[in-house]
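Q: Below is one structure. I have some questions about it.
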Amino acid sequence: MKKERRHFFKTISVLGLSSFYTTSLYAKTAKEIVHYQPTPKDGNKCQECLHFIAATNECTTVEGKIDPNGWCTIYFKHPKFKK
Ligand code: SF4
């Protein structure tokens with residue numbers, strides 16, 4: 001009984017460590033969750049957003065390719081575009 005318990009805890013700790021090292025700490029959010037749309041909303045668009053990566057048309061927080069004229073609910077206007 002004691003040996004089985006030790007084996008159980010040993011297995012659990014190995015599984016825990018392996019999942020910790022294989023899970024990305026920077027997973028991005030799915031477009032559906034943030035209601036991404038490929039068109040601007042109220043004049044706001046991805047190319048003016050703090051999260052937009054212009055060099056690759058990607059976003060630091062939303063997965064996949066991002067249209068510079070798109071928009072989503074976590075849009076945050078970059079300070080350099082504020083007047
Ligand atoms: S509006 Fe949304 S999808 Fe577009 S760059 Fe900003 S956070 Fe990313």
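FYI, nothing fancy with the structure tokens labels: chains A, B, ... in order, residues from 1 per chain, ligands from 1 as they appear.
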Which residues are near ligand 1 - at most 6 Å, using only C-alpha atoms and all ligand atoms? Format: as a PyMOL selection string.

A: chain A and resi 46+49+51-52+59+61-62+70-72+74-75

Q: Hey, can you spit out that residue selection with N, CA and C atoms as a short mmCIF file (atom, residue, chain, number, x, y, z; two decimals), in the first residue's frame?

A:
data_model
loop_
_atom_site.label_atom_id
_atom_site.label_comp_id
_atom_site.auth_asym_id
_atom_site.auth_seq_id
_atom_site.Cartn_x
_atom_site.Cartn_y
_atom_site.Cartn_z
N CYS A 46 -6.79 48.21 -35.87
CA CYS A 46 -5.62 47.51 -35.32
C CYS A 46 -4.30 48.28 -35.52
N CYS A 49 -3.45 50.28 -32.68
CA CYS A 49 -3.58 49.62 -31.37
C CYS A 49 -2.20 49.31 -30.78
N HIS A 51 -1.29 46.76 -29.25
CA HIS A 51 -0.93 45.34 -29.38
C HIS A 51 -0.55 44.93 -30.80
N PHE A 52 -0.70 45.81 -31.75
CA PHE A 52 -0.47 45.45 -33.16
C PHE A 52 1.03 45.39 -33.47
N CYS A 59 -0.67 40.22 -33.75
CA CYS A 59 -1.06 40.91 -32.52
C CYS A 59 -0.36 40.22 -31.34
N THR A 61 -1.60 39.77 -28.49
CA THR A 61 -2.55 39.07 -27.63
C THR A 61 -3.57 38.21 -28.36
N VAL A 62 -3.79 38.45 -29.66
CA VAL A 62 -4.79 37.69 -30.41
C VAL A 62 -4.08 36.82 -31.44
N GLY A 70 -8.50 45.98 -38.95
CA GLY A 70 -9.40 45.22 -38.09
C GLY A 70 -9.62 45.89 -36.75
N TRP A 71 -10.32 45.18 -35.91
CA TRP A 71 -10.63 45.70 -34.57
C TRP A 71 -11.10 44.55 -33.69
N CYS A 72 -10.91 44.67 -32.37
CA CYS A 72 -11.48 43.69 -31.43
C CYS A 72 -11.76 44.38 -30.11
N ILE A 74 -10.51 44.17 -27.21
CA ILE A 74 -9.42 44.61 -26.31
C ILE A 74 -8.53 45.66 -26.98
N TYR A 75 -9.09 46.31 -27.97
CA TYR A 75 -8.39 47.41 -28.64
C TYR A 75 -7.95 48.43 -27.59
#

Q: Got a sec: who's within 12 Å of Phe81 in chain A, counting only C-alpha atoms, leaving out chain neighbours fewer than 4 positions off, as a PDB file with C-alpha atoms, in the first residue's frame?

A:
ATOM      1  CA  ASN A  44     -10.575  52.545 -34.355  1.00  0.00           C
ATOM      2  CA  LYS A  45      -8.384  49.971 -36.097  1.00  0.00           C
ATOM      3  CA  CYS A  46      -5.616  47.514 -35.316  1.00  0.00           C
ATOM      4  CA  GLN A  47      -2.839  49.569 -36.923  1.00  0.00           C
ATOM      5  CA  GLU A  48      -3.325  52.175 -34.175  1.00  0.00           C
ATOM      6  CA  CYS A  49      -3.576  49.619 -31.369  1.00  0.00           C
ATOM      7  CA  LEU A  50      -0.864  49.123 -28.770  1.00  0.00           C
ATOM      8  CA  PHE A  76      -6.185  49.923 -26.832  1.00  0.00           C
ATOM      9  CA  LYS A  77      -5.085  52.997 -28.737  1.00  0.00           C
TER      10      LYS A  77
END

Q: So how many Å separate CA of Pro79 in chain A and CA of Ala55 in chain A, to one decimal?

A: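 Computed distance, CA of Pro79 in chain A to CA of Ala55 in chain A, equals 18.5 Å.
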
Q: Any idea what the distance is between CA of Ala27 in chain A and CA of Ile66 in chain A?

A: 16.0 Å

Q: Counting only C-alpha atoms, what is within 10 Å of Lys65 in chain A, bar same-chain residues fewer than 5 positions away, as a list of chain:residue names?

A: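 Everything that qualifies: A:Lys31, A:Thr56, A:Asn57, A:Glu58, A:Cys59.
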
Q: Distance CA of Ile33 in chain A-CA of Thr73 in chain A, one decimal place?

A: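 Going from CA of Ile33 in chain A over to CA of Thr73 in chain A, I get 8.9 Å.
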